file structure-v4.csv (CSV, C-alpha atoms)
chain,number,residue,atom,x,y,z
A,1,MET,CA,-15.0,-10.3,-60.4
A,2,ASP,CA,-15.2,-7.0,-58.6
A,3,ASN,CA,-12.1,-5.0,-59.4
A,4,ARG,CA,-13.1,-1.7,-58.0
A,5,PRO,CA,-10.8,-0.3,-55.4
A,6,HIS,CA,-12.1,-0.7,-51.9
A,7,ASP,CA,-12.3,2.3,-49.7
A,8,ASN,CA,-12.3,1.5,-46.0
A,9,LYS,CA,-13.0,5.1,-44.9
A,10,ALA,CA,-16.6,4.1,-44.3
A,11,TRP,CA,-15.5,2.3,-41.2
A,12,PHE,CA,-14.7,5.6,-39.5
A,13,LEU,CA,-18.3,6.6,-40.1
A,14,VAL,CA,-19.5,3.7,-38.0
A,15,LEU,CA,-16.9,4.4,-35.3
A,16,PRO,CA,-19.4,6.5,-33.2
A,17,VAL,CA,-21.8,3.5,-33.2
A,18,PHE,CA,-19.0,1.2,-32.0
A,19,LEU,CA,-18.2,3.5,-29.2
A,20,ILE,CA,-21.8,3.9,-28.1
A,21,VAL,CA,-22.3,0.1,-28.2
A,22,ALA,CA,-19.0,-0.4,-26.3
A,23,ILE,CA,-20.1,2.0,-23.5
A,24,SER,CA,-23.8,1.0,-23.4
A,25,ALA,CA,-23.5,-2.8,-23.9
A,26,ILE,CA,-20.0,-4.3,-24.0
A,27,ILE,CA,-18.5,-2.7,-20.8
A,28,PRO,CA,-21.6,-3.4,-18.7
A,29,LEU,CA,-21.6,-7.0,-20.0
A,30,MET,CA,-17.9,-7.3,-19.1
A,31,THR,CA,-18.8,-6.1,-15.6
A,32,VAL,CA,-21.6,-8.7,-15.3
A,33,VAL,CA,-19.1,-11.4,-16.3
A,34,ASN,CA,-16.8,-10.2,-13.6
A,35,TYR,CA,-19.5,-10.1,-11.0
A,36,SER,CA,-20.7,-13.6,-11.9
A,37,VAL,CA,-17.5,-15.3,-10.6
A,38,GLN,CA,-17.4,-13.3,-7.3
A,39,ASP,CA,-19.3,-12.9,-4.1
A,40,ILE,CA,-19.9,-9.2,-3.9
A,41,LEU,CA,-19.9,-8.3,-0.2
A,42,GLY,CA,-19.7,-4.5,-0.6
A,43,PRO,CA,-18.6,-1.9,-3.1
A,44,PHE,CA,-14.9,-2.8,-2.8
A,45,GLN,CA,-15.2,-6.1,-0.9
A,46,ARG,CA,-15.5,-9.2,-3.0
A,47,VAL,CA,-14.3,-12.8,-3.0
A,48,PHE,CA,-13.6,-15.0,-6.1
A,49,VAL,CA,-15.9,-18.0,-6.1
A,50,GLY,CA,-15.3,-19.4,-9.6
A,51,THR,CA,-18.4,-21.2,-11.1
A,52,GLU,CA,-20.3,-21.5,-7.8
A,53,TRP,CA,-23.1,-19.1,-8.7
A,54,PHE,CA,-23.6,-20.8,-12.1
A,55,GLU,CA,-23.9,-24.2,-10.4
A,56,GLN,CA,-26.4,-22.7,-7.9
A,57,VAL,CA,-28.5,-21.0,-10.5
A,58,LEU,CA,-28.5,-23.9,-13.0
A,59,ASN,CA,-29.8,-26.2,-10.3
A,60,ASP,CA,-32.4,-23.8,-8.9
A,61,GLU,CA,-35.9,-25.3,-9.2
A,62,ARG,CA,-37.5,-21.9,-9.2
A,63,LEU,CA,-35.4,-21.0,-12.2
A,64,HIS,CA,-36.5,-24.1,-14.1
A,65,GLY,CA,-40.2,-23.2,-13.4
A,66,ALA,CA,-39.7,-19.6,-14.5
A,67,PHE,CA,-37.9,-20.8,-17.6
A,68,LEU,CA,-40.7,-23.2,-18.6
A,69,ARG,CA,-43.3,-20.5,-18.0
A,70,GLN,CA,-41.3,-18.1,-20.1
A,71,LEU,CA,-41.0,-20.5,-23.0
A,72,VAL,CA,-44.7,-21.4,-23.0
A,73,PHE,CA,-45.6,-17.7,-22.7
A,74,SER,CA,-43.4,-16.7,-25.6
A,75,GLY,CA,-44.6,-19.6,-27.7
A,76,CYS,CA,-48.3,-18.5,-27.0
A,77,VAL,CA,-47.4,-14.9,-27.8
A,78,LEU,CA,-46.0,-15.8,-31.2
A,79,LEU,CA,-48.8,-18.3,-32.0
A,80,ILE,CA,-51.5,-15.7,-31.3
A,81,GLN,CA,-49.9,-12.4,-32.3
A,82,ILE,CA,-48.4,-13.3,-35.6
A,83,PRO,CA,-51.5,-14.9,-37.3
A,84,LEU,CA,-53.7,-12.3,-35.7
A,85,GLY,CA,-51.5,-9.4,-36.9
A,86,ILE,CA,-51.4,-10.8,-40.4
A,87,ALA,CA,-55.2,-11.3,-40.4
A,88,ILE,CA,-55.9,-7.8,-39.2
A,89,ALA,CA,-53.4,-6.2,-41.6
A,90,LEU,CA,-55.1,-8.0,-44.5
A,91,THR,CA,-58.5,-6.5,-43.5
A,92,LEU,CA,-57.3,-2.9,-43.1
A,93,PRO,CA,-58.2,-0.4,-45.9
A,94,ALA,CA,-55.3,-0.1,-48.3
A,95,LYS,CA,-55.4,3.7,-48.9
A,96,GLY,CA,-57.3,6.9,-48.2
A,97,TRP,CA,-58.3,8.5,-45.0
A,98,ARG,CA,-59.8,5.3,-43.7
A,99,SER,CA,-56.5,3.6,-43.9
A,100,SER,CA,-54.8,6.5,-41.9
A,101,LEU,CA,-57.6,6.4,-39.3
A,102,CYS,CA,-57.3,2.7,-38.9
A,103,LEU,CA,-53.6,2.8,-38.5
A,104,VAL,CA,-53.8,5.5,-35.8
A,105,LEU,CA,-56.4,3.6,-33.9
A,106,VAL,CA,-54.5,0.3,-34.2
A,107,ALA,CA,-51.3,1.9,-33.0
A,108,LEU,CA,-52.8,3.5,-29.9
A,109,PRO,CA,-51.8,0.6,-27.5
A,110,LEU,CA,-48.2,1.0,-28.6
A,111,LEU,CA,-48.1,4.6,-27.3
A,112,ILE,CA,-49.0,3.6,-23.8
A,113,PRO,CA,-46.1,3.1,-21.3
A,114,TRP,CA,-45.7,-0.5,-20.1
A,115,ASN,CA,-46.4,0.3,-16.4
A,116,VAL,CA,-49.6,2.1,-17.4
A,117,VAL,CA,-50.7,-0.9,-19.5
A,118,GLY,CA,-50.3,-3.0,-16.4
A,119,THR,CA,-52.3,-0.6,-14.3
A,120,ILE,CA,-55.1,-0.4,-17.0
A,121,TRP,CA,-55.4,-4.1,-17.1
A,122,GLN,CA,-55.2,-4.4,-13.3
A,123,LEU,CA,-58.3,-2.3,-13.1
A,124,TYR,CA,-60.0,-3.6,-16.2
A,125,ALA,CA,-59.7,-7.2,-15.2
A,126,ARG,CA,-60.6,-6.9,-11.5
A,127,PRO,CA,-63.5,-9.3,-10.7
A,128,ASP,CA,-65.2,-6.8,-8.4
A,129,ILE,CA,-65.1,-3.4,-10.2
A,130,GLY,CA,-63.3,-4.1,-13.5
A,131,MET,CA,-65.4,-4.1,-16.7
A,132,ALA,CA,-63.9,-7.2,-18.2
A,133,GLY,CA,-63.7,-9.1,-14.9
A,134,VAL,CA,-67.3,-8.4,-13.9
A,135,ALA,CA,-68.5,-9.2,-17.4
A,136,VAL,CA,-66.8,-12.6,-17.5
A,137,ASN,CA,-68.1,-13.5,-14.0
A,138,ALA,CA,-71.6,-12.3,-15.1
A,139,LEU,CA,-71.5,-14.8,-17.9
A,140,GLY,CA,-71.1,-17.6,-15.3
A,141,ILE,CA,-67.4,-18.2,-15.9
A,142,PRO,CA,-65.6,-17.9,-12.5
A,143,TYR,CA,-62.7,-15.5,-13.1
A,144,ASN,CA,-60.3,-14.0,-10.6
A,145,TYR,CA,-56.7,-13.2,-11.7
A,146,THR,CA,-55.6,-12.3,-8.2
A,147,SER,CA,-56.3,-15.8,-6.8
A,148,ASN,CA,-56.4,-18.2,-9.7
A,149,ALA,CA,-53.1,-19.0,-11.4
A,150,PHE,CA,-54.5,-19.9,-14.8
A,151,ASP,CA,-56.6,-16.7,-14.8
A,152,ALA,CA,-53.6,-14.6,-13.9
A,153,TRP,CA,-51.5,-16.3,-16.6
A,154,LEU,CA,-54.3,-15.8,-19.2
A,155,THR,CA,-54.7,-12.1,-18.2
A,156,VAL,CA,-51.0,-11.5,-18.8
A,157,LEU,CA,-51.2,-13.2,-22.1
A,158,ILE,CA,-54.3,-11.3,-23.3
A,159,MET,CA,-52.7,-8.0,-22.0
A,160,ASP,CA,-49.6,-8.7,-24.1
A,161,VAL,CA,-51.6,-9.5,-27.2
A,162,TRP,CA,-53.6,-6.3,-26.7
A,163,HIS,CA,-50.4,-4.3,-26.3
A,164,TRP,CA,-48.1,-5.7,-28.9
A,165,THR,CA,-50.3,-7.2,-31.8
A,166,PRO,CA,-50.5,-3.6,-33.2
A,167,LEU,CA,-46.7,-3.8,-33.9
A,168,VAL,CA,-47.2,-6.9,-35.9
A,169,ILE,CA,-50.1,-5.4,-37.7
A,170,LEU,CA,-48.1,-2.3,-38.7
A,171,LEU,CA,-45.2,-4.3,-39.9
A,172,CYS,CA,-47.4,-6.6,-41.9
A,173,PHE,CA,-49.4,-3.6,-43.3
A,174,ALA,CA,-46.1,-2.1,-44.5
A,175,GLY,CA,-45.1,-5.4,-46.1
A,176,LEU,CA,-48.4,-5.7,-47.9
A,177,ARG,CA,-48.3,-2.1,-49.2
A,178,SER,CA,-44.9,-2.8,-50.7
A,179,ILE,CA,-46.3,-5.5,-53.1
A,180,PRO,CA,-46.6,-4.0,-56.6
A,181,GLU,CA,-50.1,-3.9,-58.1
A,182,ALA,CA,-48.9,-5.9,-61.1
A,183,PHE,CA,-48.7,-9.1,-58.9
A,184,TYR,CA,-52.4,-8.8,-58.0
A,185,GLN,CA,-53.3,-8.1,-61.7
A,186,ALA,CA,-51.4,-11.2,-62.8
A,187,ALA,CA,-53.1,-13.3,-60.1
A,188,LYS,CA,-56.5,-12.0,-61.3
A,189,ILE,CA,-55.8,-12.9,-64.9
A,190,ASP,CA,-54.8,-16.4,-63.8
A,191,GLY,CA,-58.1,-16.6,-61.8
A,192,ALA,CA,-56.2,-17.2,-58.5
A,193,SER,CA,-58.3,-17.6,-55.4
A,194,ALA,CA,-58.0,-15.3,-52.4
A,195,TRP,CA,-56.1,-18.1,-50.5
A,196,ALA,CA,-53.8,-18.6,-53.5
A,197,VAL,CA,-53.0,-14.9,-53.6
A,198,PHE,CA,-52.3,-14.9,-49.9
A,199,ARG,CA,-50.2,-18.1,-50.0
A,200,HIS,CA,-48.1,-17.4,-53.1
A,201,ILE,CA,-47.9,-13.6,-53.2
A,202,GLN,CA,-48.7,-11.9,-49.9
A,203,LEU,CA,-47.1,-14.3,-47.5
A,204,PRO,CA,-43.8,-14.6,-49.4
A,205,LYS,CA,-43.6,-10.9,-49.8
A,206,MET,CA,-44.2,-10.4,-46.1
A,207,ARG,CA,-41.4,-12.8,-45.1
A,208,ARG,CA,-38.9,-10.0,-44.3
A,209,VAL,CA,-41.2,-8.0,-42.1
A,210,LEU,CA,-42.4,-11.2,-40.5
A,211,THR,CA,-38.8,-12.1,-39.7
A,212,ILE,CA,-38.5,-8.8,-37.9
A,213,ALA,CA,-41.9,-9.2,-36.2
A,214,ILE,CA,-41.2,-12.7,-35.0
A,215,LEU,CA,-37.7,-11.7,-33.7
A,216,LEU,CA,-39.0,-8.6,-32.0
A,217,ARG,CA,-42.0,-10.2,-30.4
A,218,PHE,CA,-40.0,-13.3,-29.3
A,219,MET,CA,-37.2,-11.3,-27.7
A,220,ASP,CA,-39.6,-8.8,-26.1
A,221,SER,CA,-41.9,-11.4,-24.7
A,222,PHE,CA,-39.0,-13.4,-23.5
A,223,MET,CA,-37.8,-10.4,-21.5
A,224,ILE,CA,-41.3,-9.3,-20.3
A,225,TYR,CA,-41.1,-7.6,-16.9
A,226,THR,CA,-43.1,-4.5,-16.3
A,227,GLU,CA,-46.6,-5.5,-17.2
A,228,PRO,CA,-46.9,-8.7,-15.1
A,229,PHE,CA,-45.0,-6.9,-12.3
A,230,VAL,CA,-47.7,-4.2,-12.2
A,231,LEU,CA,-50.6,-6.6,-12.9
A,232,THR,CA,-49.9,-9.6,-10.7
A,233,GLY,CA,-46.6,-9.0,-9.0
A,234,GLY,CA,-45.6,-12.5,-10.2
A,235,GLY,CA,-48.4,-14.2,-8.4
A,236,PRO,CA,-50.6,-15.8,-7.3
A,237,GLY,CA,-47.8,-18.1,-6.1
A,238,ASN,CA,-45.2,-18.1,-8.9
A,239,ALA,CA,-47.8,-18.4,-11.7
A,240,THR,CA,-46.7,-15.3,-13.5
A,241,THR,CA,-43.1,-15.0,-12.3
A,242,PHE,CA,-41.1,-14.9,-15.5
A,243,LEU,CA,-37.4,-14.9,-15.9
A,244,SER,CA,-36.9,-11.1,-15.7
A,245,GLN,CA,-38.9,-11.0,-12.4
A,246,PHE,CA,-37.0,-13.9,-11.0
A,247,LEU,CA,-33.8,-12.0,-11.9
A,248,ALA,CA,-35.1,-8.8,-10.3
A,249,GLN,CA,-35.9,-10.7,-7.1
A,250,ILE,CA,-32.4,-12.0,-6.9
A,251,ALA,CA,-30.6,-8.7,-7.9
A,252,VAL,CA,-32.8,-6.0,-6.4
A,253,GLY,CA,-34.8,-7.9,-3.8
A,254,GLN,CA,-32.1,-10.0,-2.2
A,255,PHE,CA,-29.1,-7.9,-3.6
A,256,ASP,CA,-27.3,-11.1,-4.5
A,257,LEU,CA,-25.3,-9.6,-7.3
A,258,GLY,CA,-23.1,-12.6,-8.0
A,259,PRO,CA,-26.0,-15.1,-8.6
A,260,ALA,CA,-27.9,-12.4,-10.4
A,261,ALA,CA,-25.0,-11.8,-12.7
A,262,ALA,CA,-24.6,-15.5,-13.4
A,263,PHE,CA,-28.3,-15.8,-14.1
A,264,SER,CA,-28.2,-12.7,-16.4
A,265,LEU,CA,-25.5,-14.4,-18.5
A,266,ILE,CA,-27.4,-17.6,-18.8
A,267,TYR,CA,-30.5,-15.6,-19.7
A,268,PHE,CA,-28.5,-13.7,-22.3
A,269,LEU,CA,-27.1,-16.9,-23.8
A,270,VAL,CA,-30.6,-18.4,-24.1
A,271,ILE,CA,-32.0,-15.4,-25.9
A,272,LEU,CA,-28.9,-15.2,-28.1
A,273,LEU,CA,-29.3,-18.9,-29.1
A,274,LEU,CA,-33.0,-18.8,-29.7
A,275,SER,CA,-32.9,-15.5,-31.7
A,276,TRP,CA,-30.0,-16.8,-33.8
A,277,VAL,CA,-31.9,-20.0,-34.6
A,278,PHE,CA,-35.0,-18.0,-35.6
A,279,TYR,CA,-33.0,-15.5,-37.7
A,280,THR,CA,-30.9,-18.2,-39.4
A,281,TYR,CA,-33.9,-20.4,-40.1
A,282,ILE,CA,-36.0,-17.5,-41.6
A,283,THR,CA,-33.2,-15.9,-43.6
A,284,HIS,CA,-32.1,-19.3,-44.9
A,285,THR,CA,-35.6,-20.2,-46.1
A,286,ASP,CA,-35.7,-16.8,-47.7
A,287,ARG,CA,-32.5,-17.4,-49.6
A,288,GLU,CA,-33.6,-20.9,-50.7
A,289,ASP,CA,-36.9,-19.4,-52.1
A,290,ALA,CA,-35.0,-16.7,-53.9
A,291,ARG,CA,-33.0,-19.3,-55.9
B,1,MET,CA,1.6,5.8,-9.6
B,2,ASP,CA,2.4,3.9,-12.8
B,3,ILE,CA,0.0,3.6,-15.6
B,4,ALA,CA,-1.0,0.0,-14.9
B,5,SER,CA,-1.9,0.7,-11.2
B,6,GLU,CA,-3.7,3.9,-12.2
B,7,LEU,CA,-5.8,1.9,-14.8
B,8,ALA,CA,-6.5,-0.8,-12.2
B,9,THR,CA,-7.8,1.9,-9.8
B,10,GLU,CA,-9.9,3.5,-12.5
B,11,LEU,CA,-11.4,0.1,-13.4
B,12,GLU,CA,-12.0,-1.0,-9.8
B,13,TRP,CA,-15.8,-0.5,-10.3
B,14,MET,CA,-15.8,-3.2,-13.0
B,15,ALA,CA,-14.5,-5.8,-10.4
B,16,TRP,CA,-12.0,-7.4,-12.7
B,17,THR,CA,-10.5,-10.8,-11.8
B,18,GLY,CA,-7.6,-12.6,-13.4
B,19,PRO,CA,-9.6,-15.4,-15.1
B,20,THR,CA,-12.2,-13.0,-16.5
B,21,ALA,CA,-9.5,-10.6,-17.8
B,22,ALA,CA,-7.8,-13.6,-19.5
B,23,PHE,CA,-11.2,-14.6,-21.0
B,24,PHE,CA,-11.9,-11.2,-22.5
B,25,ALA,CA,-8.3,-10.9,-23.7
B,26,GLY,CA,-8.7,-14.3,-25.4
B,27,ILE,CA,-11.9,-13.1,-27.1
B,28,ALA,CA,-10.3,-9.8,-28.2
B,29,LEU,CA,-7.3,-11.8,-29.6
B,30,ILE,CA,-9.6,-14.1,-31.5
B,31,LEU,CA,-11.5,-11.2,-33.0
B,32,ALA,CA,-8.3,-9.3,-33.9
B,33,GLY,CA,-6.9,-12.5,-35.5
B,34,MET,CA,-10.1,-13.1,-37.5
B,35,THR,CA,-10.0,-9.5,-38.7
B,36,VAL,CA,-6.4,-9.9,-39.9
B,37,TRP,CA,-7.3,-13.3,-41.5
B,38,GLN,CA,-10.2,-11.7,-43.3
B,39,THR,CA,-8.0,-8.9,-44.6
B,40,VAL,CA,-5.3,-11.3,-45.9
B,41,SER,CA,-7.7,-13.9,-47.2
B,42,PRO,CA,-11.4,-12.9,-47.5
B,43,THR,CA,-13.9,-15.6,-46.4
B,44,VAL,CA,-15.9,-17.5,-49.0
B,45,GLU,CA,-19.3,-18.8,-48.0
B,46,ARG,CA,-19.4,-22.6,-48.1
B,47,ARG,CA,-21.5,-25.5,-46.8
B,48,GLY,CA,-20.2,-28.2,-44.5
B,49,PHE,CA,-22.0,-30.4,-42.0
B,50,LEU,CA,-24.0,-27.4,-40.6
B,51,PRO,CA,-27.5,-27.2,-42.2
B,52,MET,CA,-26.8,-23.8,-43.8
B,53,PRO,CA,-24.0,-22.1,-45.8
B,54,THR,CA,-21.7,-20.2,-43.5
B,55,THR,CA,-18.8,-17.7,-43.6
B,56,ARG,CA,-15.8,-17.9,-41.3
B,57,GLY,CA,-17.4,-15.4,-39.0
B,58,ASP,CA,-20.6,-17.4,-38.8
B,59,ARG,CA,-18.6,-20.5,-37.8
B,60,LEU,CA,-16.7,-18.6,-35.2
B,61,PHE,CA,-20.0,-17.4,-33.7
B,62,ILE,CA,-21.5,-20.9,-33.7
B,63,GLY,CA,-18.3,-22.2,-32.2
B,64,LEU,CA,-18.2,-19.7,-29.4
B,65,LEU,CA,-21.9,-20.1,-28.6
B,66,GLY,CA,-21.5,-23.8,-28.6
B,67,SER,CA,-18.5,-23.5,-26.3
B,68,ALA,CA,-20.5,-21.4,-23.9
B,69,TYR,CA,-23.2,-24.0,-23.7
B,70,ILE,CA,-20.6,-26.8,-23.3
B,71,HIS,CA,-19.2,-25.0,-20.3
B,72,LEU,CA,-22.7,-24.3,-18.8
B,73,ALA,CA,-23.7,-27.9,-19.2
B,74,THR,CA,-20.5,-29.1,-17.6
B,75,VAL,CA,-20.9,-26.7,-14.7
B,76,GLY,CA,-24.6,-27.2,-14.1
B,77,PHE,CA,-25.2,-30.9,-14.7
B,78,THR,CA,-21.9,-32.7,-14.2
B,79,ASP,CA,-19.1,-32.9,-11.7
B,80,LEU,CA,-16.4,-32.8,-14.4
B,81,ASN,CA,-13.4,-30.5,-14.2
B,82,LEU,CA,-13.9,-27.3,-16.1
B,83,TRP,CA,-10.7,-28.0,-18.0
B,84,ILE,CA,-12.5,-30.9,-19.6
B,85,ALA,CA,-15.2,-28.6,-20.8
B,86,PHE,CA,-12.5,-26.2,-22.1
B,87,GLY,CA,-10.9,-29.1,-24.0
B,88,LEU,CA,-14.2,-30.2,-25.5
B,89,SER,CA,-14.9,-26.6,-26.5
B,90,LEU,CA,-11.6,-26.4,-28.3
B,91,LEU,CA,-12.4,-29.6,-30.1
B,92,TRP,CA,-15.9,-28.3,-31.0
B,93,MET,CA,-14.4,-25.0,-32.2
B,94,ALA,CA,-11.9,-26.8,-34.4
B,95,VAL,CA,-14.5,-29.1,-35.9
B,96,VAL,CA,-16.9,-26.3,-36.7
B,97,MET,CA,-14.2,-24.0,-38.1
B,98,ARG,CA,-12.8,-26.8,-40.3
B,99,PHE,CA,-15.9,-28.9,-41.3
B,100,GLY,CA,-18.9,-26.6,-40.4
call {"tool": "encode", "arguments": {"input": "structure-v4.csv", "output": "C-alpha cells"}}
result
Amino acid sequence: MDNRPHDNKAWFLVLPVFLIVAISAIIPLMTVVNYSVQDILGPFQRVFVGTEWFEQVLNDERLHGAFLRQLVFSGCVLLIQIPLGIAIALTLPAKGWRSSLCLVLVALPLLIPWNVVGTIWQLYARPDIGMAGVAVNALGIPYNYTSNAFDAWLTVLIMDVWHWTPLVILLCFAGLRSIPEAFYQAAKIDGASAWAVFRHIQLPKMRRVLTIAILLRFMDSFMIYTEPFVLTGGGPGNATTFLSQFLAQIAVGQFDLGPAAAFSLIYFLVILLLSWVFYTYITHTDREDAR
Amino acid sequence: MDIASELATELEWMAWTGPTAAFFAGIALILAGMTVWQTVSPTVERRGFLPMPTTRGDRLFIGLLGSAYIHLATVGFTDLNLWIAFGLSLLWMAVVMRFG
C-alpha cells in the first residue's frame, strides 16, 4: 500500500498545456459542433437545422466511396510501410559513421514539405518527361497516372511509402538500439537462429515503438490531403479523392460550412474509434506478454 | 449590458445554439462528476464483459464513444426519433459503466 502523501501541485504545471489544448483544439471543436447543426448563411446569419446535415452526409454516395478508398489506402500503407520499415531498420549498420550516414540519408524524405513531395512525384511520374513514368512505359507497361485510375492510386501509395517509411525505419532503429547486448549474447549461446532472434527478442522489444509507428502512420494516412491534392487533384474521376479532399471540396470549394462541420465530426469519430482500437489492442497485448 | 449578454456577444463567432450548449454542459458536468468521484473513491481497474481490463474513465470513454455511434447510426440509417437514440445511449452507458 502506498502511504506517501500525494501532492497535487504537479497539476498546476500541466495547466499551460490544458490552456493551449483548450484554445487550439477544444474551442474550435465546439465551434464545429455548433456549425454542424446550423445552416450558415453569413457571418451572423444562421438557421438551426438539427440533424439534417448529418443525414445528408451519412447518405452521400461520394462519401461512402471516399471512405472506402481511404480505408483501403490506410490498410495498404500499414501493410507496406511497417514490414518495410522493420526490414530496412534491421539491415542498417548499428554504430559508427556508416550508421550516422545511413540515418541521415534515410531521413531525407521526411525533411521535404508535403506539397513539394507532391510536386516532385508529379514530375517524376509523368509519362512524357518524368524519369519513372518514361522508364515504366519503356518497359512495355502502359502507365499514365493522369488518365488511369489504378495508376493514379498506385502512384499516391508509392509516394506515401517513399515519404513516410523513413519515419518507421527511424522508430524501429531506435527500438532495436535499445535492446541490451546481453540478449543477443544469450541467444548466441543457445544457438538461436536469426529468425528466432527476430521473433523472440527484436520484435517484442520493438512493440512500443511499433505501436507509435502504427498509430502515427494510420492517423496520418487516414488524413492524407496535400500530396494527392498536388499530384492528382483527386482524379482521374474520384480515384484519389480521399476523405480530407472530399471535406475540403465541401468546406472550401462549395463553402457549405454546415455539412462540412457534420462531416468533420463523423471523420473525427471514425479516426478516434480506429485509433483507440489500435492503441487498446497493442497495449493490451503488451501487458499480457509482460505477465 | 449585463455579463450574460456581453458573454453571448463575445462568443457570437462560435455560433452557439441551445441544444449544443446543453450538450457541452452535460459533458462538462459528467467530467466534473467523474473527477469528484475519483477523488472520493479512486478507481480500481477491473474486468467485465469488455475484452480488456478497464478503469472507470476508460468505461466512460467507451460509453461516450458508443453513444456517439448510436446517435450517428440512428440519424443516418433509420427514421427513428432522436430521443430513442438518446435512451439507447443512456442504457448503453449504464451497462458499460456497471458491467464493462
call {"tool": "interface_residues", "arguments": {"input": "structure-v4.csv", "of": "chain A", "to": "chain B", "cutoff": "7 Å", "atoms": "all atoms listed in the file", "output": "PDB file with C-alpha atoms, in the frame of the given file"}}
result
ATOM      1  CA  THR A  31     -18.800  -6.100 -15.600  1.00  0.00           C
ATOM      2  CA  ASN A  34     -16.800 -10.200 -13.600  1.00  0.00           C
ATOM      3  CA  TYR A  35     -19.500 -10.100 -11.000  1.00  0.00           C
ATOM      4  CA  PHE A  54     -23.600 -20.800 -12.100  1.00  0.00           C
ATOM      5  CA  GLU A  55     -23.900 -24.200 -10.400  1.00  0.00           C
ATOM      6  CA  LEU A  58     -28.500 -23.900 -13.000  1.00  0.00           C
ATOM      7  CA  ASN A  59     -29.800 -26.200 -10.300  1.00  0.00           C
TER       8      ASN A  59
END
call {"tool": "residues_near_point", "arguments": {"input": "structure-v4.csv", "point": "(-59.2, -12.3, -21.5)", "cutoff": "10 Å", "atoms": "all atoms listed in the file", "output": "short mmCIF file (atom, residue, chain, number, x, y, z; two decimals) with C-alpha atoms, in the coordinates of the input"}}
result
data_model
loop_
_atom_site.label_atom_id
_atom_site.label_comp_id
_atom_site.auth_asym_id
_atom_site.auth_seq_id
_atom_site.Cartn_x
_atom_site.Cartn_y
_atom_site.Cartn_z
CA ALA A 125 -59.70 -7.20 -15.20
CA ALA A 132 -63.90 -7.20 -18.20
CA GLY A 133 -63.70 -9.10 -14.90
CA VAL A 136 -66.80 -12.60 -17.50
CA TYR A 143 -62.70 -15.50 -13.10
CA ASP A 151 -56.60 -16.70 -14.80
CA ALA A 152 -53.60 -14.60 -13.90
CA TRP A 153 -51.50 -16.30 -16.60
CA LEU A 154 -54.30 -15.80 -19.20
CA THR A 155 -54.70 -12.10 -18.20
CA VAL A 156 -51.00 -11.50 -18.80
CA LEU A 157 -51.20 -13.20 -22.10
CA ILE A 158 -54.30 -11.30 -23.30
CA MET A 159 -52.70 -8.00 -22.00
CA VAL A 161 -51.60 -9.50 -27.20
CA TRP A 162 -53.60 -6.30 -26.70
#
call {"tool": "atom_distance", "arguments": {"input": "structure-v4.csv", "atom1": "CA of Phe67 (chain A)", "atom2": "CA of Leu111 (chain A)"}}
result
29.0 Å
call {"tool": "atom_distance", "arguments": {"input": "structure-v4.csv", "atom1": "CA of Gly57 (chain B)", "atom2": "CA of Ser89 (chain B)"}}
result
17.0 Å
call {"tool": "atom_distance", "arguments": {"input": "structure-v4.csv", "atom1": "CA of Pro166 (chain A)", "atom2": "CA of Cys102 (chain A)"}}
result
10.9 Å
call {"tool": "residues_around", "arguments": {"input": "structure-v4.csv", "residues": "Glu45 (chain B)", "least_positions_apart": "4", "cutoff": "8 Å", "atoms": "only C-alpha atoms", "output": "VMD selection string"}}
result
chain B and resid 53 to 56
call {"tool": "write_last_selection", "arguments": {"input": "structure-v4.csv", "atoms": "C-alpha atoms", "output": "JSON list (two decimals), in the frame of the given file"}}
result
[["chain", "number", "residue", "atom", "x", "y", "z"],
["B", 53, "PRO", "CA", -24.00, -22.10, -45.80],
["B", 54, "THR", "CA", -21.70, -20.20, -43.50],
["B", 55, "THR", "CA", -18.80, -17.70, -43.60],
["B", 56, "ARG", "CA", -15.80, -17.90, -41.30]]
call {"tool": "residues_around", "arguments": {"input": "structure-v4.csv", "residues": "Leu88 (chain B)", "least_positions_apart": "5", "cutoff": "9 Å", "atoms": "only C-alpha atoms", "output": "list in words"}}
result
Ser67, Ile70, His71, Trp83 and Met93 of chain B
call {"tool": "write_last_selection", "arguments": {"input": "structure-v4.csv", "atoms": "C-alpha atoms", "output": "PDB file, in the coordinates of the input"}}
result
ATOM      1  CA  SER B  67     -18.500 -23.500 -26.300  1.00  0.00           C
ATOM      2  CA  ILE B  70     -20.600 -26.800 -23.300  1.00  0.00           C
ATOM      3  CA  HIS B  71     -19.200 -25.000 -20.300  1.00  0.00           C
ATOM      4  CA  TRP B  83     -10.700 -28.000 -18.000  1.00  0.00           C
ATOM      5  CA  MET B  93     -14.400 -25.000 -32.200  1.00  0.00           C
TER       6      MET B  93
END
call {"tool": "residues_around", "arguments": {"input": "structure-v4.csv", "residues": "Arg177 (chain A)", "least_positions_apart": "2", "cutoff": "12 Å", "atoms": "only C-alpha atoms", "output": "PDB file with C-alpha atoms, in the frame of the given file"}}
result
ATOM      1  CA  ALA A  89     -53.400  -6.200 -41.600  1.00  0.00           C
ATOM      2  CA  LEU A  90     -55.100  -8.000 -44.500  1.00  0.00           C
ATOM      3  CA  LEU A  92     -57.300  -2.900 -43.100  1.00  0.00           C
ATOM      4  CA  PRO A  93     -58.200  -0.400 -45.900  1.00  0.00           C
ATOM      5  CA  ALA A  94     -55.300  -0.100 -48.300  1.00  0.00           C
ATOM      6  CA  LYS A  95     -55.400   3.700 -48.900  1.00  0.00           C
ATOM      7  CA  SER A  99     -56.500   3.600 -43.900  1.00  0.00           C
ATOM      8  CA  LEU A 170     -48.100  -2.300 -38.700  1.00  0.00           C
ATOM      9  CA  LEU A 171     -45.200  -4.300 -39.900  1.00  0.00           C
ATOM     10  CA  CYS A 172     -47.400  -6.600 -41.900  1.00  0.00           C
ATOM     11  CA  PHE A 173     -49.400  -3.600 -43.300  1.00  0.00           C
ATOM     12  CA  ALA A 174     -46.100  -2.100 -44.500  1.00  0.00           C
ATOM     13  CA  GLY A 175     -45.100  -5.400 -46.100  1.00  0.00           C
ATOM     14  CA  ILE A 179     -46.300  -5.500 -53.100  1.00  0.00           C
ATOM     15  CA  PRO A 180     -46.600  -4.000 -56.600  1.00  0.00           C
ATOM     16  CA  GLU A 181     -50.100  -3.900 -58.100  1.00  0.00           C
ATOM     17  CA  PHE A 183     -48.700  -9.100 -58.900  1.00  0.00           C
ATOM     18  CA  TYR A 184     -52.400  -8.800 -58.000  1.00  0.00           C
ATOM     19  CA  GLN A 202     -48.700 -11.900 -49.900  1.00  0.00           C
ATOM     20  CA  LYS A 205     -43.600 -10.900 -49.800  1.00  0.00           C
ATOM     21  CA  MET A 206     -44.200 -10.400 -46.100  1.00  0.00           C
ATOM     22  CA  VAL A 209     -41.200  -8.000 -42.100  1.00  0.00           C
TER      23      VAL A 209
END
